[in-house]
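Chemist: Contents of start_27.cif (mmCIF, C-alpha atoms) are given next:
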data_my_file
#
loop_
_atom_site.label_atom_id
_atom_site.label_comp_id
_atom_site.auth_asym_id
_atom_site.auth_seq_id
_atom_site.Cartn_x
_atom_site.Cartn_y
_atom_site.Cartn_z
CA MET L 1 3.35 35.37 -7.98
CA PRO L 2 4.30 34.04 -4.53
CA GLU L 3 2.71 35.87 -1.64
CA PRO L 4 5.03 38.01 0.52
CA GLY L 5 6.91 35.82 2.98
CA LEU L 6 6.46 32.60 0.98
CA GLY L 7 9.81 31.42 -0.30
CA VAL L 8 8.65 28.46 -2.44
CA VAL L 9 5.35 27.74 -4.17
CA VAL L 10 4.91 24.18 -5.51
CA PRO L 11 1.93 23.39 -7.77
CA ILE L 12 0.58 19.90 -7.06
CA GLN L 13 -0.21 18.09 -10.29
CA ARG L 14 -1.96 14.87 -9.24
CA SER L 15 -3.76 13.70 -6.15
CA GLY L 16 -5.08 10.39 -4.88
CA VAL L 17 -8.66 10.17 -3.66
CA LEU L 18 -7.75 9.78 0.02
CA ALA L 19 -5.26 12.64 -0.18
CA GLN L 20 -8.06 14.84 -1.49
CA GLU L 21 -10.28 13.80 1.40
CA PHE L 22 -7.43 14.70 3.79
CA CYS L 23 -7.18 18.19 2.31
CA HIS L 24 -10.94 18.73 2.56
CA SER L 25 -11.28 17.49 6.14
CA VAL L 26 -8.07 18.53 7.92
CA ALA L 27 -7.16 22.04 9.09
CA ARG L 28 -3.80 21.46 10.77
CA ALA L 29 -1.07 18.89 10.19
CA LYS L 30 2.64 18.45 10.78
CA VAL L 31 5.58 17.13 8.80
CA GLU L 32 6.02 13.57 10.08
CA ALA L 33 8.96 12.26 8.00
CA VAL L 34 11.22 13.57 5.23
CA PHE L 35 12.91 11.49 2.51
CA ALA L 36 14.93 12.25 -0.62
CA ARG L 37 11.93 12.41 -2.99
CA SER L 38 8.97 12.77 -0.63
CA PHE L 39 7.71 13.77 2.78
CA TYR L 40 4.71 12.83 4.90
CA LEU L 41 2.15 15.07 6.54
CA ARG L 42 0.19 13.76 9.52
CA SER L 43 -2.99 14.81 11.26
CA GLY L 44 -4.02 12.43 14.03
CA ASP L 45 -4.10 8.94 12.52
CA ALA L 46 -4.28 10.23 8.92
CA PHE L 47 -1.26 10.66 6.63
CA ILE L 48 -0.60 11.88 3.12
CA CYS L 49 2.58 11.59 1.08
CA VAL L 50 3.83 14.59 -0.91
CA GLY L 51 6.32 13.40 -3.52
CA GLU L 52 8.01 13.67 -6.86
CA PRO L 53 6.05 12.20 -9.80
CA ASP L 54 8.47 9.29 -10.12
CA ILE L 55 7.43 7.79 -6.77
CA GLY L 56 4.17 6.80 -8.46
CA ASN L 57 0.52 7.58 -7.91
CA GLY L 58 -1.37 6.33 -4.91
CA PRO L 59 -4.54 6.97 -2.91
CA LEU L 60 -2.59 8.92 -0.28
CA THR L 61 -0.23 10.87 -2.55
CA LEU L 62 0.08 14.44 -3.76
CA LEU L 63 2.56 14.61 -6.64
CA GLY L 64 4.44 17.63 -7.92
CA ASN L 65 7.90 18.93 -8.77
CA LEU L 66 9.60 19.17 -5.37
CA ARG L 67 13.00 20.24 -6.69
CA PRO L 68 12.55 23.81 -5.41
CA LEU L 69 12.33 22.37 -1.88
CA ARG L 70 15.76 20.79 -2.01
CA GLU L 71 17.42 24.02 -0.96
CA ILE L 72 15.15 24.23 2.09
CA ALA L 73 15.99 21.97 5.00
CA LEU L 74 12.47 20.66 5.59
CA GLN L 75 12.43 19.04 9.01
CA PRO L 76 9.96 16.73 10.76
CA GLY L 77 7.76 18.52 13.25
CA ARG L 78 7.07 21.62 11.18
CA SER L 79 3.43 22.69 11.27
CA ALA L 80 1.19 22.94 8.21
CA ALA L 81 -2.08 24.72 7.56
CA VAL L 82 -4.34 22.69 5.25
CA CYS L 83 -7.35 23.58 3.12
CA ASP L 84 -8.77 22.38 -0.18
CA ARG L 85 -6.89 25.08 -2.14
CA HIS L 86 -3.41 24.92 -0.63
CA ILE L 87 -1.16 23.60 2.11
CA THR L 88 1.18 26.07 3.80
CA ILE L 89 4.16 24.71 5.73
CA GLY L 90 5.66 27.21 8.15
CA HIS L 91 6.12 30.61 6.53
CA SER L 92 8.14 29.52 3.51
CA ILE L 93 6.38 26.72 1.59
CA ARG L 94 3.00 26.59 -0.14
CA LEU L 95 1.65 23.59 -2.04
CA THR L 96 -1.13 24.77 -4.36
CA LEU L 97 -4.03 22.40 -5.05
CA ASP L 98 -6.19 24.38 -7.46
CA ARG L 99 -4.99 22.65 -10.64
CA ILE L 100 -4.68 19.03 -9.60
CA GLU L 101 -5.64 16.00 -11.67
CA SER L 102 -7.37 13.27 -9.66
CA TRP L 103 -5.86 9.79 -9.87
CA ARG L 104 -7.66 6.49 -9.48
CA PRO L 105 -6.34 3.09 -10.54
CA PRO L 106 -7.91 1.54 -13.65
CA PRO L 107 -10.25 -1.46 -13.29
CA TRP L 108 -8.61 -4.79 -12.60
CA PRO L 109 -8.03 -6.90 -15.73
CA VAL L 110 -9.71 -10.24 -16.27
CA GLY L 111 -7.42 -13.02 -15.11
CA PRO L 112 -6.54 -16.35 -16.75
CA SER L 113 -7.59 -19.81 -15.63
CA PRO L 114 -6.64 -21.15 -12.18
CA ALA L 115 -4.23 -23.60 -13.83
CA ARG L 116 -2.36 -20.76 -15.53
CA LEU L 117 -2.25 -18.82 -12.26
CA ILE L 118 -0.75 -21.81 -10.44
CA GLU L 119 2.08 -21.85 -12.99
CA THR L 120 2.61 -18.12 -12.52
CA CYS L 121 2.61 -18.56 -8.74
CA ALA L 122 5.32 -21.22 -8.98
CA ALA L 123 7.46 -18.92 -11.12
CA LEU L 124 7.06 -16.06 -8.64
CA ALA L 125 7.93 -18.29 -5.68
CA GLN L 126 11.09 -19.43 -7.47
CA ARG L 127 12.15 -15.83 -8.12
CA ALA L 128 11.42 -14.82 -4.52
CA ALA L 129 13.50 -17.70 -3.17
CA ILE L 130 16.48 -16.32 -5.07
CA ASP L 131 16.01 -12.54 -5.07
CA ALA L 132 13.89 -11.55 -2.06
CA PRO L 133 15.78 -9.83 0.81
CA LYS L 134 16.79 -12.09 3.67
CA GLU L 135 14.88 -9.85 6.09
CA GLY L 136 11.67 -10.10 4.08
CA LEU L 137 8.61 -12.12 4.99
CA ALA L 138 9.10 -14.48 2.04
CA ARG L 139 12.11 -15.91 3.92
CA ILE L 140 11.29 -15.45 7.62
CA GLY L 141 7.52 -15.64 7.78
CA GLY L 142 6.92 -19.34 7.13
CA PRO L 143 4.66 -20.23 10.10
CA ARG L 144 2.77 -16.94 9.92
CA ILE L 145 2.19 -17.30 6.19
CA ALA L 146 1.11 -20.91 6.67
CA LEU L 147 -1.45 -19.85 9.29
CA PHE L 148 -2.84 -17.22 6.93
CA GLY L 149 -3.00 -19.81 4.14
CA ARG L 150 -4.98 -22.20 6.34
CA TRP L 151 -7.53 -19.51 7.15
CA LEU L 152 -7.89 -18.51 3.52
CA THR L 153 -8.20 -22.14 2.38
CA GLY L 154 -11.16 -22.57 4.70
CA MET L 155 -12.64 -19.23 3.73
CA LEU L 156 -12.56 -20.00 0.01
CA GLY L 157 -14.43 -23.26 0.20
CA ALA L 158 -12.63 -26.08 2.04
CA ARG L 159 -14.96 -26.08 5.04
CA HIS L 160 -13.07 -28.93 6.69
CA ALA L 161 -10.03 -26.65 6.82
CA ARG L 162 -11.75 -23.89 8.79
CA ASP L 163 -9.70 -24.48 11.92
CA VAL L 164 -8.12 -21.00 11.90
CA ALA L 165 -10.05 -17.83 12.67
CA VAL L 166 -9.30 -14.78 10.59
CA GLU L 167 -8.42 -12.89 13.78
CA GLU L 168 -5.70 -15.45 14.55
CA ALA L 169 -4.29 -15.22 11.02
CA VAL L 170 -4.19 -11.42 11.14
CA GLN L 171 -2.65 -11.25 14.62
CA GLY L 172 0.26 -13.35 13.43
CA LEU L 173 1.07 -10.83 10.69
CA ILE L 174 0.00 -7.33 11.65
CA GLY L 175 2.89 -5.31 13.01
CA PHE L 176 5.36 -8.17 12.41
CA GLY L 177 8.75 -6.86 11.32
CA PHE L 178 10.45 -3.49 11.39
CA GLY L 179 10.29 -0.08 9.75
CA LEU L 180 7.55 2.37 8.85
CA THR L 181 5.60 -0.45 7.19
CA PRO L 182 6.42 -3.80 8.87
CA SER L 183 6.69 -6.87 6.66
CA GLY L 184 3.49 -8.48 7.93
CA ASP L 185 1.51 -5.34 7.11
CA ASP L 186 2.90 -5.23 3.58
CA PHE L 187 1.92 -8.90 3.19
CA LEU L 188 -1.65 -8.10 4.21
CA VAL L 189 -1.82 -5.17 1.78
CA GLY L 190 -0.77 -7.50 -1.05
CA ALA L 191 -3.31 -10.13 0.01
CA LEU L 192 -6.13 -7.57 0.10
CA ALA L 193 -5.19 -6.33 -3.37
CA TRP L 194 -5.32 -9.82 -4.87
CA LEU L 195 -8.65 -10.69 -3.22
CA ASP L 196 -10.08 -7.44 -4.57
CA ALA L 197 -8.71 -8.11 -8.05
CA ILE L 198 -10.28 -11.56 -8.31
CA GLY L 199 -13.60 -10.47 -6.85
CA ALA L 200 -13.38 -12.64 -3.71
CA ARG L 201 -15.68 -10.26 -1.86
CA ASP L 202 -16.45 -12.34 1.23
CA ALA L 203 -12.80 -13.13 1.90
CA HIS L 204 -11.78 -9.51 1.27
CA ALA L 205 -14.48 -8.22 3.61
CA ALA L 206 -13.60 -10.70 6.37
CA LEU L 207 -9.89 -9.88 6.15
CA ALA L 208 -10.55 -6.13 6.02
CA ARG L 209 -12.79 -6.27 9.12
CA ALA L 210 -10.23 -8.28 11.07
CA ILE L 211 -7.44 -5.85 10.15
CA LEU L 212 -9.47 -2.79 11.11
CA ASP L 213 -10.47 -4.39 14.42
CA ALA L 214 -6.83 -5.25 15.21
CA LEU L 215 -5.30 -1.93 14.16
CA PRO L 216 -5.42 0.25 17.30
CA GLY L 217 -1.91 0.12 18.75
CA SER L 218 -0.87 -3.00 16.85
CA THR L 219 1.47 -1.47 14.27
CA ALA L 220 3.25 1.74 13.24
CA PRO L 221 0.84 4.68 12.66
CA LEU L 222 1.83 5.19 9.02
CA SER L 223 1.48 1.49 8.26
CA ALA L 224 -1.94 1.49 9.91
CA CYS L 225 -2.97 4.26 7.51
CA PHE L 226 -1.89 2.18 4.50
CA LEU L 227 -3.75 -0.85 5.88
CA ARG L 228 -6.95 1.16 6.33
CA ALA L 229 -6.64 2.33 2.73
CA ALA L 230 -6.11 -1.21 1.43
CA ALA L 231 -9.02 -2.50 3.54
CA GLY L 232 -11.17 0.10 1.78
CA GLY L 233 -10.06 -1.14 -1.64
CA HIS L 234 -7.50 1.61 -2.29
CA VAL L 235 -4.11 0.55 -3.68
CA GLY L 236 -1.24 2.43 -5.25
CA GLU L 237 -0.07 2.43 -8.83
CA THR L 238 2.92 0.12 -8.23
CA LEU L 239 0.91 -2.56 -6.46
CA HIS L 240 -1.84 -2.32 -9.07
CA ARG L 241 0.76 -2.82 -11.80
CA ALA L 242 2.22 -5.86 -10.02
CA VAL L 243 -1.18 -7.53 -9.59
CA SER L 244 -2.21 -6.75 -13.16
CA SER L 245 1.07 -8.16 -14.48
CA ILE L 246 0.57 -11.38 -12.54
CA MET L 247 -2.96 -11.74 -13.91
CA ALA L 248 -1.45 -11.40 -17.38
CA GLY L 249 1.15 -14.07 -16.56
CA ASP L 250 4.04 -11.59 -16.81
CA THR L 251 6.19 -12.44 -13.81
CA ASP L 252 9.11 -10.30 -14.98
CA ALA L 253 6.95 -7.17 -15.05
CA ALA L 254 5.58 -7.99 -11.61
CA ILE L 255 9.09 -8.30 -10.18
CA VAL L 256 10.15 -5.03 -11.79
CA ALA L 257 7.13 -3.32 -10.23
CA VAL L 258 7.90 -4.41 -6.66
CA GLU L 259 11.64 -4.82 -6.36
CA ASN L 260 12.41 -1.14 -5.69
CA VAL L 261 9.58 -0.49 -3.22
CA GLY L 262 11.42 0.07 0.04
CA HIS L 263 14.04 -2.40 1.18
CA SER L 264 11.66 -5.36 1.36
CA SER L 265 8.15 -3.84 1.24
CA GLY L 266 7.57 -4.69 -2.42
CA TRP L 267 8.71 -8.27 -1.93
CA ASP L 268 6.55 -8.58 1.19
CA MET L 269 3.51 -7.36 -0.77
CA LEU L 270 4.40 -9.92 -3.43
CA ALA L 271 4.50 -12.65 -0.76
CA GLY L 272 0.95 -11.67 0.20
CA ILE L 273 -0.15 -11.74 -3.43
CA THR L 274 1.54 -15.07 -4.14
CA THR L 275 0.17 -16.80 -1.03
CA THR L 276 -3.35 -15.59 -1.75
CA LEU L 277 -3.03 -16.44 -5.45
CA ARG L 278 -1.95 -19.99 -4.71
CA VAL L 279 -4.79 -20.69 -2.27
CA ALA L 280 -7.42 -19.01 -4.47
CA ALA L 281 -6.27 -20.82 -7.63
CA HIS L 282 -6.36 -24.24 -5.97
CA ALA L 283 -9.77 -23.46 -4.49
CA GLY L 284 -11.06 -22.41 -7.92
CA ALA L 285 -11.91 -18.90 -6.73
CA PRO L 286 -12.86 -16.43 -9.48
CA ALA L 287 -10.01 -14.80 -11.35
#
How does this structure look as structure tokens?
Modeler:
Amino acid sequence: MPEPGLGVVVPIQRSGVLAQEFCHSVARAKVEAVFARSFYLRSGDAFICVGEPDIGNGPLTLLGNLRPLREIALQPGRSAAVCDRHITIGHSIRLTLDRIESWRPPPWPVGPSPARLIETCAALAQRAAIDAPKEGLARIGGPRIALFGRWLTGMLGARHARDVAVEEAVQGLIGFGFGLTPSGDDFLVGALAWLDAIGARDAHAALARAILDALPGSTAPLSACFLRAAAGGHVGETLHRAVSSIMAGDTDAAIVAVENVGHSSGWDMLAGITTTLRVAAHAGAPA
């Protein structure tokens, strides 16, 4: 039974690992942004997303049936009290956390040969040239993507090509674009996911360090939170599905996974995956 004064009680069904850490370490938060199927809570530089199950699992998500909230005009700025058992927003909403199922992505699959990946990369690039939004990085980020590719080429074995520092490559991308998650940030998240999937540990670590060093003040706060998660090896269900589909050579499934993520965010992640895939495959990096 709801406690007196609480208008809506929403049981949370699944939680990502970083969302659980948020609930264990944060006492106060506020509603940062509200969307049709989700809203964000913020405490300092940390965010979690509370959403309907159909938005997909992720390291920063709490998922539950939010339909009872649709009659309540939840507004940004409302305060929330947080503990490991529940989150109370104002005097009318309680999210209960005592029956949650933890979510973690499954292990990455074993990928095919570099030659097969090069074919898959070409197919993805062809699709992106036709279907990617005009505002997305796949169309407007040529020089920035090329700079990143030169750094990664040197990092993965072509020592003669090491004329670009990782800091220079990251600075050209981080914060580039518009929105809650700028295109350059989404690109970097996709690149980190692919490097993690193929076990390119040195490249992943170097890129993660450069991103974390560059983060303060360089991009939108929510996007910085997603970048910190990706740098730590945490990716969401949709991105995991896209990477896994590409490793299986299923370009159609990869496109389906990303095409409805934001206006261009999914495509920008795919640009990061594709760029990193191409360089790694030609360098013979593990896959």
Chemist: Quick one: residues within 10 Å of Leu63 in chain L, all atoms listed in the file, excluding same-chain residues fewer than 5 positions away - as a VMD selection string?
Modeler: chain L and resid 10 to 16 38 49 to 58 100 to 101
Chemist: Hey, what's within 9 Å of Arg85 in chain L if we count only C-alpha atoms and toss same-chain stuff fewer than 2 positions away? As a VMD selection string, please?
Modeler: chain L and resid 23 to 24 82 to 83 87 95 to 98
Chemist: Include C-alpha atoms and write out the residues we just selected as a tab-separated table (two decimals), in the coordinates of the input.
Modeler:
chain	number	residue	atom	x	y	z
L	23	CYS	CA	-7.18	18.19	2.31
L	24	HIS	CA	-10.94	18.73	2.56
L	82	VAL	CA	-4.34	22.69	5.25
L	83	CYS	CA	-7.35	23.58	3.12
L	87	ILE	CA	-1.16	23.60	2.11
L	95	LEU	CA	1.65	23.59	-2.04
L	96	THR	CA	-1.13	24.77	-4.36
L	97	LEU	CA	-4.03	22.40	-5.05
L	98	ASP	CA	-6.19	24.38	-7.46
Chemist: Excluding same-chain residues fewer than 5 positions from range 248-253 of chain L, what lies within 9 Å of it counting only C-alpha atoms, as an MDAnalysis selection string?
Modeler: chainID L and resid 109:112 116:117 119:121 123:124 127 241:243 258
Chemist: List as an NGL selection string the protein and nucleic acid residues near Leu74 in chain L, meaning an atom at most 9 Å away when all atoms listed in the file are counted, but skip any in the same chain fewer than 3 places from it.
Modeler: :L and (31 or 34 or 39 or 69-71 or 78)
Chemist: Return the single residue from L:Ile118, L:His86, L:Phe178, L:Val164 that is closest to Ile246 in chain L, with distances computed using only C-alpha atoms.
Modeler: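 Closest residue, counting only C-alpha atoms: L:Ile118.
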Chemist: To one decimal place, how far is CA of Ile48 in chain L from CA of Leu62 in chain L in Å?
Modeler: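 CA of Ile48 in chain L sits 7.4 Å away from CA of Leu62 in chain L.
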Chemist: What does the distance between CA of Glu32 in chain L and CA of Pro221 in chain L come to in Å, to one decimal place?
Modeler: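 Between CA of Glu32 in chain L and CA of Pro221 in chain L the gap works out to 10.6 Å.
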Chemist: Evaluate the PyMOL selection byres ((chain L and resi 262-272) around 6) and record the selected residues as a compact mmCIF listing (two decimals) with C-alpha atoms, in the frame of the given file, following the chain and residue labels used in the document.
Modeler:
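After the write, result_9.txt holds the following:
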# COMPACT_ATOMS: atom_id res chain seq x y z
CA GLY L 136 11.67 -10.10 4.08
CA LEU L 137 8.61 -12.12 4.99
CA ALA L 138 9.10 -14.48 2.04
CA SER L 183 6.69 -6.87 6.66
CA ASP L 186 2.90 -5.23 3.58
CA PHE L 187 1.92 -8.90 3.19
CA LEU L 188 -1.65 -8.10 4.21
CA GLY L 190 -0.77 -7.50 -1.05
CA ALA L 191 -3.31 -10.13 0.01
CA VAL L 258 7.90 -4.41 -6.66
CA GLU L 259 11.64 -4.82 -6.36
CA ASN L 260 12.41 -1.14 -5.69
CA VAL L 261 9.58 -0.49 -3.22
CA ILE L 273 -0.15 -11.74 -3.43
CA THR L 274 1.54 -15.07 -4.14
CA THR L 275 0.17 -16.80 -1.03
Chemist: In Å to one decimal, how far is CA of Arg278 in chain L from CA of Pro133 in chain L?
Modeler: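 Result for CA of Pro133 in chain L versus CA of Arg278 in chain L: 21.2 Å, one decimal.
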Chemist: Which residues would end up in the selection if the PyMOL selection byres ((chain L and resi 25) around 12) were applied here, given that I need the answer as a ChimeraX atom specification?
Modeler: /L:18-24,26-29,43-44,46,81-84
Chemist: If you apply the PyMOL selection byres ((chain L and resi 107) around 10) to this file, what residues do you get, as a PyMOL selection string?
Modeler: chain L and resi 104-106+108-110+197+240+244
Chemist: Report the centre and edge lengths, in Å to one decimal, of an axis-aligned box enclosing every atom of range 11-29 of chain L listed in the file, padded by 4 Å on each side, as lines of an AutoDock Vina configuration file.
Modeler:
center_x = -4.7
center_y = 16.6
center_z = 0.2
size_x = 21.2
size_y = 21.6
size_z = 29.1
Chemist: Which residues are close to His282 in chain L, i.e. within 9 Å by all atoms listed in the file, leaving aside same-chain residues fewer than 5 positions away? Reply as a list of chain:residue names.
Modeler: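 That gives L:Pro114, L:Ala115, L:Ile118, L:Thr153, L:Leu277.
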Chemist: Which of these, L:Leu195, L:Cys225, L:Leu180, L:Val170, has the shortest distance to Asp213 in chain L once you count all atoms listed in the file?
Modeler: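 Answer, going by the shortest atom-to-atom distance: L:Val170.
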Chemist: So which one's closest to Glu237 in chain L, L:Gly77, L:Ala224, L:Trp103, L:Glu167? Using all atoms listed in the file, please.
Modeler: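 Nearest candidate to Glu237 in chain L out of L:Gly77, L:Ala224, L:Trp103, L:Glu167: L:Trp103.
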Chemist: Closest to Ser223 in chain L among L:Thr276, L:Ser102, L:Ser79, L:Thr181, using only C-alpha atoms?
Modeler: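 Answer, going by the shortest atom-to-atom distance: L:Thr181.
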Chemist: Ranking L:Gly64, L:Pro182, L:Gly175, L:Gly217 by minimum distance to Asp45 in chain L and counting all atoms listed in the file, which one comes first?
Modeler: L:Gly217
